[in-house]
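What follows is the content of model-v8.txt, which has compact mmCIF, C-alpha atoms:
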# COMPACT_ATOMS: atom_id res chain seq x y z
CA MET A 1221 -21.94 -12.18 -1.76
CA VAL A 1222 -18.45 -11.90 -3.19
CA GLU A 1223 -17.98 -13.60 -6.56
CA TRP A 1224 -14.68 -15.25 -7.44
CA SER A 1225 -13.70 -16.39 -10.90
CA GLU A 1226 -11.76 -19.63 -11.35
CA GLN A 1227 -8.72 -17.58 -12.22
CA GLU A 1228 -8.98 -15.49 -9.06
CA ARG A 1229 -9.32 -18.61 -6.90
CA SER A 1230 -6.25 -20.19 -8.44
CA ILE A 1231 -4.24 -16.97 -8.05
CA ILE A 1232 -5.02 -16.85 -4.34
CA THR A 1233 -4.35 -20.54 -3.67
CA SER A 1234 -1.13 -20.30 -5.65
CA ILE A 1235 0.16 -17.30 -3.71
CA PHE A 1236 -0.55 -18.97 -0.37
CA SER A 1237 0.79 -22.38 -1.30
CA ASN A 1238 4.11 -20.78 -2.28
CA LEU A 1239 4.25 -18.56 0.77
CA ASP A 1240 7.10 -18.61 3.28
CA TYR A 1241 4.96 -17.75 6.31
CA ASN A 1242 7.91 -17.44 8.67
CA ASP A 1243 9.45 -14.80 6.43
CA VAL A 1244 6.48 -12.89 5.04
CA GLY A 1245 4.46 -12.76 8.27
CA PRO A 1246 7.16 -11.09 10.38
CA LYS A 1247 8.14 -8.79 7.52
CA ALA A 1248 4.56 -7.60 6.98
CA LEU A 1249 3.85 -6.97 10.67
CA SER A 1250 7.14 -5.24 11.38
CA ARG A 1251 6.75 -3.08 8.27
CA CYS A 1252 3.29 -2.07 9.49
CA LEU A 1253 4.65 -1.06 12.91
CA ILE A 1254 7.44 0.96 11.28
CA VAL A 1255 5.46 2.63 8.50
CA TYR A 1256 2.40 3.28 10.68
CA PRO A 1257 3.91 3.68 14.15
CA TRP A 1258 0.59 4.29 15.87
CA THR A 1259 -0.20 0.62 15.30
CA GLN A 1260 2.39 -0.12 18.00
CA ARG A 1261 -0.29 0.78 20.50
CA TYR A 1262 -1.56 -2.80 20.36
CA PHE A 1263 1.80 -4.30 21.22
CA ALA A 1264 2.76 -2.47 24.39
CA ASN A 1265 3.68 -5.71 26.16
CA PHE A 1266 5.75 -7.15 23.31
CA GLY A 1267 9.03 -5.71 24.54
CA ASN A 1268 11.41 -3.38 22.73
CA LEU A 1269 9.76 -1.55 19.82
CA TYR A 1270 11.92 1.49 20.25
CA ASN A 1271 13.23 1.76 16.70
CA ALA A 1272 13.02 0.00 13.35
CA GLU A 1273 15.92 -2.34 14.13
CA ALA A 1274 14.39 -3.37 17.44
CA ILE A 1275 11.02 -3.99 15.78
CA LYS A 1276 12.55 -6.08 12.98
CA THR A 1277 14.42 -8.31 15.41
CA ASN A 1278 11.78 -8.55 18.11
CA PRO A 1279 10.97 -12.28 18.53
CA ASN A 1280 7.43 -11.59 19.80
CA ILE A 1281 6.67 -9.56 16.71
CA GLN A 1282 8.13 -12.26 14.51
CA ALA A 1283 6.01 -14.98 16.12
CA HIS A 1284 2.92 -12.81 15.96
CA GLY A 1285 3.47 -11.91 12.32
CA THR A 1286 3.60 -15.60 11.40
CA LYS A 1287 0.46 -16.25 13.45
CA VAL A 1288 -1.49 -13.43 11.82
CA LEU A 1289 -0.49 -14.59 8.34
CA HIS A 1290 -1.66 -18.12 9.10
CA GLY A 1291 -4.93 -16.50 10.16
CA LEU A 1292 -5.53 -15.85 6.48
CA ASP A 1293 -5.49 -19.59 5.72
CA ARG A 1294 -9.09 -19.93 6.80
CA ALA A 1295 -10.16 -17.33 4.28
CA VAL A 1296 -8.20 -19.09 1.52
CA LYS A 1297 -10.01 -22.34 2.36
CA ASN A 1298 -13.44 -20.67 2.58
CA MET A 1299 -13.38 -18.02 -0.11
CA ASP A 1300 -17.12 -18.26 -0.61
CA ASN A 1301 -17.90 -17.39 2.97
CA ILE A 1302 -15.11 -15.24 4.34
CA LYS A 1303 -17.61 -13.14 6.24
CA GLY A 1304 -18.98 -16.12 8.18
CA THR A 1305 -15.54 -17.66 8.63
CA TYR A 1306 -14.23 -14.56 10.38
CA ALA A 1307 -17.28 -13.69 12.51
CA GLU A 1308 -15.62 -14.98 15.67
CA LEU A 1309 -12.27 -13.35 14.89
CA SER A 1310 -14.08 -10.09 14.25
CA VAL A 1311 -15.71 -10.25 17.67
CA LEU A 1312 -12.29 -11.02 19.18
CA HIS A 1313 -10.63 -8.02 17.52
CA SER A 1314 -13.47 -5.77 18.58
CA GLU A 1315 -14.31 -6.86 22.10
CA LYS A 1316 -11.09 -8.31 23.43
CA LEU A 1317 -8.27 -6.75 21.40
CA HIS A 1318 -10.00 -3.39 20.78
CA VAL A 1319 -8.27 -2.92 17.44
CA ASP A 1320 -9.43 0.04 15.34
CA PRO A 1321 -10.63 -1.68 12.14
CA ASP A 1322 -8.96 1.01 10.03
CA ASN A 1323 -5.71 -0.67 11.04
CA PHE A 1324 -6.61 -3.84 9.15
CA LYS A 1325 -6.18 -2.00 5.86
CA LEU A 1326 -2.78 -0.70 6.93
CA LEU A 1327 -1.53 -4.23 7.61
CA ALA A 1328 -3.11 -5.42 4.35
CA ASP A 1329 -1.21 -2.74 2.42
CA CYS A 1330 2.07 -3.74 4.06
CA LEU A 1331 1.41 -7.40 3.24
CA THR A 1332 0.78 -6.44 -0.39
CA ILE A 1333 4.11 -4.63 -0.52
CA VAL A 1334 6.03 -7.52 1.07
CA ILE A 1335 4.46 -10.02 -1.35
CA ALA A 1336 5.22 -7.66 -4.26
CA ALA A 1337 8.88 -7.51 -3.20
CA LYS A 1338 9.02 -11.32 -3.03
CA MET A 1339 7.26 -12.05 -6.29
CA GLY A 1340 8.90 -9.25 -8.27
CA SER A 1341 7.61 -8.89 -11.80
CA GLY A 1342 5.56 -12.04 -11.19
CA PHE A 1343 3.26 -9.80 -9.16
CA THR A 1344 1.45 -8.62 -12.27
CA PRO A 1345 -1.29 -5.97 -12.21
CA GLU A 1346 -3.91 -8.73 -12.52
CA ILE A 1347 -2.43 -10.70 -9.63
CA GLN A 1348 -2.18 -7.50 -7.58
CA ALA A 1349 -5.87 -6.77 -8.28
CA THR A 1350 -6.91 -10.27 -7.17
CA PHE A 1351 -4.73 -10.20 -4.06
CA GLN A 1352 -5.99 -6.77 -3.04
CA LYS A 1353 -9.59 -7.88 -3.66
CA PHE A 1354 -9.00 -10.89 -1.39
CA LEU A 1355 -7.48 -8.73 1.36
CA ALA A 1356 -10.31 -6.19 1.06
CA VAL A 1357 -12.86 -8.96 1.65
CA VAL A 1358 -10.88 -10.19 4.67
CA VAL A 1359 -10.60 -6.64 6.05
CA SER A 1360 -14.32 -6.09 5.61
CA ALA A 1361 -15.16 -9.40 7.33
CA LEU A 1362 -12.92 -8.59 10.28
CA GLY A 1363 -14.71 -5.29 10.76
CA LYS A 1364 -18.20 -6.75 10.41
CA GLN A 1365 -18.95 -7.58 14.04
CA TYR A 1366 -17.89 -4.24 15.46
CA HIS A 1367 -20.72 -2.30 17.06
CA MET B 526 -0.74 14.99 9.32
CA THR B 527 2.53 14.78 7.42
CA HIS B 528 5.61 16.68 8.43
CA LEU B 529 8.85 15.72 6.72
CA THR B 530 11.76 15.56 9.16
CA ALA B 531 15.33 16.20 8.06
CA LYS B 532 15.85 12.44 8.18
CA ASP B 533 12.83 11.82 5.95
CA LYS B 534 14.15 14.27 3.36
CA GLU B 535 17.61 12.72 3.44
CA THR B 536 16.18 9.24 3.04
CA VAL B 537 14.00 10.32 0.13
CA LYS B 538 16.82 12.16 -1.65
CA THR B 539 19.26 9.26 -1.22
CA PHE B 540 16.76 6.66 -2.40
CA TRP B 541 15.65 8.85 -5.30
CA ALA B 542 19.23 9.27 -6.46
CA LYS B 543 19.44 5.49 -6.72
CA ILE B 544 16.22 5.01 -8.64
CA SER B 545 15.69 8.19 -10.65
CA SER B 546 17.05 6.77 -13.91
CA ASN B 547 14.11 4.31 -13.77
CA GLY B 548 11.60 7.11 -13.32
CA ALA B 549 9.72 6.57 -16.58
CA ALA B 550 9.47 2.79 -16.04
CA ILE B 551 8.29 3.26 -12.46
CA GLY B 552 5.63 5.72 -13.59
CA ALA B 553 4.42 3.52 -16.42
CA ASP B 554 4.11 0.45 -14.19
CA ALA B 555 2.45 2.38 -11.35
CA LEU B 556 -0.10 3.93 -13.69
CA SER B 557 -0.76 0.57 -15.41
CA ARG B 558 -1.42 -1.05 -12.06
CA MET B 559 -3.65 1.77 -10.90
CA LEU B 560 -5.88 1.47 -13.98
CA VAL B 561 -6.20 -2.32 -13.51
CA VAL B 562 -6.47 -2.56 -9.73
CA TYR B 563 -8.66 0.55 -9.27
CA PRO B 564 -10.80 0.63 -12.42
CA GLN B 565 -12.67 3.74 -11.26
CA THR B 566 -9.50 5.72 -12.04
CA LYS B 567 -10.05 5.01 -15.74
CA THR B 568 -12.75 7.68 -15.70
CA TYR B 569 -10.02 10.31 -15.95
CA PHE B 570 -8.64 8.85 -19.16
CA SER B 571 -11.70 8.32 -21.34
CA HIS B 572 -9.90 10.31 -24.02
CA TRP B 573 -7.19 7.65 -24.42
CA LYS B 574 -7.55 4.96 -27.05
CA ASP B 575 -5.68 2.33 -25.09
CA LEU B 576 -5.71 1.98 -21.30
CA SER B 577 -4.03 -1.41 -21.15
CA PRO B 578 -0.85 -1.90 -19.08
CA GLY B 579 2.21 -0.66 -20.94
CA SER B 580 0.27 1.02 -23.74
CA ALA B 581 1.73 4.12 -25.40
CA PRO B 582 -0.46 6.71 -23.64
CA VAL B 583 0.05 4.97 -20.28
CA LYS B 584 3.83 4.92 -20.71
CA LYS B 585 3.94 8.54 -21.79
CA HIS B 586 1.76 9.71 -18.94
CA GLY B 587 3.62 7.59 -16.40
CA ALA B 588 6.82 9.37 -17.41
CA THR B 589 5.11 12.76 -17.11
CA VAL B 590 3.85 11.98 -13.62
CA MET B 591 7.23 10.72 -12.41
CA SER B 592 9.03 13.78 -13.73
CA GLY B 593 6.63 15.72 -11.52
CA VAL B 594 7.70 13.54 -8.60
CA ALA B 595 11.36 14.15 -9.49
CA ASP B 596 10.67 17.87 -9.45
CA ALA B 597 9.07 17.47 -6.03
CA VAL B 598 12.19 15.73 -4.71
CA ALA B 599 14.26 18.70 -5.85
CA LYS B 600 11.84 21.07 -4.14
CA ILE B 601 11.36 18.94 -1.05
CA ASP B 602 12.12 21.84 1.28
CA ASP B 603 9.08 23.79 0.14
CA LEU B 604 6.61 21.63 -1.73
CA THR B 605 3.74 24.10 -1.52
CA ALA B 606 5.69 26.86 -3.27
CA GLY B 607 7.58 24.49 -5.55
CA LEU B 608 4.49 22.71 -6.87
CA LEU B 609 2.31 25.80 -7.15
CA SER B 610 1.64 25.63 -10.88
CA LEU B 611 1.06 21.87 -10.73
CA SER B 612 -1.38 22.48 -7.93
CA GLU B 613 -3.25 25.01 -10.00
CA LEU B 614 -3.31 22.58 -12.91
CA HIS B 615 -4.80 19.80 -10.77
CA ALA B 616 -7.26 22.17 -9.08
CA PHE B 617 -8.65 24.11 -11.99
CA THR B 618 -8.03 22.02 -15.08
CA LEU B 619 -7.64 18.36 -14.19
CA ARG B 620 -9.82 18.37 -11.07
CA VAL B 621 -8.65 14.93 -10.03
CA ASP B 622 -10.41 13.90 -6.83
CA PRO B 623 -7.69 13.98 -4.15
CA SER B 624 -8.50 10.44 -3.01
CA ASN B 625 -6.81 9.31 -6.21
CA PHE B 626 -3.46 10.72 -5.12
CA LYS B 627 -3.44 8.13 -2.36
CA ILE B 628 -4.30 5.41 -4.82
CA LEU B 629 -1.50 6.32 -7.22
CA SER B 630 0.95 6.70 -4.31
CA HIS B 631 0.13 3.16 -3.16
CA ASN B 632 0.84 1.81 -6.62
CA ILE B 633 4.13 3.72 -6.82
CA LEU B 634 5.14 2.07 -3.53
CA VAL B 635 4.19 -1.38 -4.86
CA VAL B 636 6.35 -0.79 -7.95
CA LEU B 637 9.26 0.39 -5.79
CA ALA B 638 8.96 -2.83 -3.73
CA ILE B 639 9.00 -4.90 -6.93
CA MET B 640 11.88 -3.09 -8.60
CA PHE B 641 14.05 -2.44 -5.53
CA PRO B 642 13.23 -5.21 -3.04
CA THR B 643 16.44 -4.82 -1.02
CA ASP B 644 16.58 -1.03 -1.04
CA PHE B 645 12.91 -0.48 -0.30
CA THR B 646 13.31 -1.20 3.40
CA PRO B 647 10.60 -0.31 5.94
CA GLU B 648 12.59 2.83 6.79
CA VAL B 649 12.67 3.93 3.14
CA HIS B 650 9.01 2.92 2.78
CA VAL B 651 7.84 5.20 5.58
CA ALA B 652 9.86 8.15 4.28
CA MET B 653 8.55 7.68 0.72
CA ASP B 654 4.98 7.23 1.96
CA LYS B 655 5.23 10.47 3.95
CA PHE B 656 6.83 12.24 1.00
CA LEU B 657 4.15 11.17 -1.49
CA ALA B 658 1.47 12.21 1.01
CA ALA B 659 3.14 15.62 1.31
CA VAL B 660 3.24 15.92 -2.49
CA ALA B 661 -0.46 15.01 -2.64
CA ARG B 662 -1.20 17.67 -0.04
CA ALA B 663 0.74 20.28 -1.99
CA LEU B 664 -1.14 19.31 -5.17
CA SER B 665 -4.49 19.70 -3.38
CA GLU B 666 -3.60 23.13 -1.97
CA LYS B 667 -5.53 25.13 -4.53
CA TYR B 668 -8.62 22.92 -4.70
CA ARG B 669 -10.73 25.08 -2.39
Could you quickly redo this structure as structure tokens?
Amino acid sequence: MVEWSEQERSIITSIFSNLDYNDVGPKALSRCLIVYPWTQRYFANFGNLYNAEAIKTNPNIQAHGTKVLHGLDRAVKNMDNIKGTYAELSVLHSEKLHVDPDNFKLLADCLTIVIAAKMGSGFTPEIQATFQKFLAVVVSALGKQYH
Amino acid sequence: MTHLTAKDKETVKTFWAKISSNGAAIGADALSRMLVVYPQTKTYFSHWKDLSPGSAPVKKHGATVMSGVADAVAKIDDLTAGLLSLSELHAFTLRVDPSNFKILSHNILVVLAIMFPTDFTPEVHVAMDKFLAAVARALSEKYR
């Protein structure tokens, strides 16, 4: 089981309680689609993803980015059982969405970079370590039900 | 995997021109973060007295690494030839496992996002990511 110190818990809750979901979500998803263009394969019916500008302004991507970011809320509320919390979502991503689980890490990295840009020097090495640990647990949980 | 297009090179050179005067600071912060966030990387620095963020050896080495990156920018049209001696150094003397290049690259990108939030757009991000991957490949050339 994943162990969390009191400090790590408060870092995670603090980041998410100060989060502008409608800004960070779309930024993270669109960055992922631009930096790792093969991830666009999952969004064929989202409309125009032809270039970076189109991706950044695509309303479907924006809405989806916000939705995905809110998906992390459950993990924040259940840090001691992220694996169990995401069992259903893992099945969904595997059996219905057919997302290659390697892609989860790509989105996680883009989210880290967007949060770093927002928090600036407040995103200390310790906070970065905690945030990346949290995302790694989420990524692992989302890949757990694949078979 | 990585082929740098003319546009990538232009993007990298333009961005680098903006940020190069901060090279030492970028290197120091990236290295500091790497040692904290990926503690397994500390195994390469057991000979340092102080591995804490911003310590003297970390700052010095961060500057060294970034001057290598600056050199790579200047030799962006032929990284394999341009980084030949650095590749030999990493292959035969340092023997850094190549997976660590990716780790350090990630931390460089995080620092760029922190220090240049407006300039480090997704378009610049992808070009820099490709560039650092190409540098890592050039550095691994002589490994085997």
When you get a sec, could you note down which chain B residues fall within 7 Å of chain A, using all atoms listed in the file, as number ranges by chain? B: 558, 561-562, 635, 638-640, 642, 647, 650-651
Can you tell me which residues surround range 1286-1296 of chain A at a distance of at most 7 Å, considering all atoms listed in the file, apart from same-chain residues fewer than 3 positions away, and format the answer as a tab-separated table (two decimals) with C-alpha atoms, keeping the file's coordinate frame?
chain	number	residue	atom	x	y	z
A	1233	THR	CA	-4.35	-20.54	-3.67
A	1241	TYR	CA	4.96	-17.75	6.31
A	1242	ASN	CA	7.91	-17.44	8.67
A	1245	GLY	CA	4.46	-12.76	8.27
A	1246	PRO	CA	7.16	-11.09	10.38
A	1282	GLN	CA	8.13	-12.26	14.51
A	1283	ALA	CA	6.01	-14.98	16.12
A	1299	MET	CA	-13.38	-18.02	-0.11
A	1302	ILE	CA	-15.11	-15.24	4.34
A	1305	THR	CA	-15.54	-17.66	8.63
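Between CA of Ala652 in chain B and CA of Asp533 in chain B lies a distance of 5.0 Å.
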Please report the interatomic distance between CA of Asp622 in chain B and CA of Val1359 in chain A in Å with one decimal. 24.2 Å
What are the nearest atom pairs, with distances in Å to one decimal, for all residues of range 562-643 of chain B that come at most 6 Å from range 659-667 of chain B, using only C-alpha atoms, set out by chain and rising residue number as JSON lines?
{"residue": "B:Thr605", "atom": "CA", "partner": "B:Ala663", "partner_atom": "CA", "distance": 4.9}
{"residue": "B:Ser612", "atom": "CA", "partner": "B:Leu664", "partner_atom": "CA", "distance": 4.2}
{"residue": "B:Glu613", "atom": "CA", "partner": "B:Lys667", "partner_atom": "CA", "distance": 5.9}
{"residue": "B:Ala616", "atom": "CA", "partner": "B:Lys667", "partner_atom": "CA", "distance": 5.7}
{"residue": "B:Phe626", "atom": "CA", "partner": "B:Ala661", "partner_atom": "CA", "distance": 5.8}
Would you output that residue set with C-alpha atoms, as a PDB file, keeping the file's coordinate frame?
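And here is the file that came out, selection.pdb:
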ATOM      1  CA  THR B 605       3.740  24.100  -1.520  1.00  0.00           C
ATOM      2  CA  SER B 612      -1.380  22.480  -7.930  1.00  0.00           C
ATOM      3  CA  GLU B 613      -3.250  25.010 -10.000  1.00  0.00           C
ATOM      4  CA  ALA B 616      -7.260  22.170  -9.080  1.00  0.00           C
ATOM      5  CA  PHE B 626      -3.460  10.720  -5.120  1.00  0.00           C
TER       6      PHE B 626
END
Test item: residues at most 7 Å from range 539-556 of chain B, all atoms listed in the file, excluding those fewer than 4 positions along its chain, as number ranges by chain: B: 535, 560, 579, 583-584, 587-588, 590-591, 629, 632-633, 636
Hey, can you check how far CA of Ala1274 in chain A sits from CA of Val1244 in chain A? 17.5 Å
Please put the answer as lines of an AutoDock Vina configuration file: centre and edge lengths, in Å with one decimal, of a box along x, y and z that encloses all listed atoms of range 531-536 of chain B plus 8 Å on each side.
center_x = 15.2
center_y = 12.7
center_z = 5.6
size_x = 20.8
size_y = 23.0
size_z = 21.1
Compare B:Leu611, B:Leu634, B:Ile601, B:Val594 by their minimum atom-to-atom distance to Ala531 in chain B, counting all atoms listed in the file, and give me the closest one. B:Ile601
Asn1301 in chain A environment, 12 Å, all atoms listed in the file, sequence neighbours closer than 6 positions dropped, as an NGL selection string: :A and (1221-1224 or 1294-1295 or 1307 or 1354 or 1357-1358 or 1361)
Nearest candidate to Leu1317 in chain A (options A:Leu1269, A:Lys1297, A:Tyr1262, A:Leu1331; using all atoms listed in the file): A:Tyr1262
Which one is closest to Asp1240 in chain A: A:Gly1285, A:Asn1323, A:Ala1356, A:Ser1314? Count only C-alpha atoms. A:Gly1285
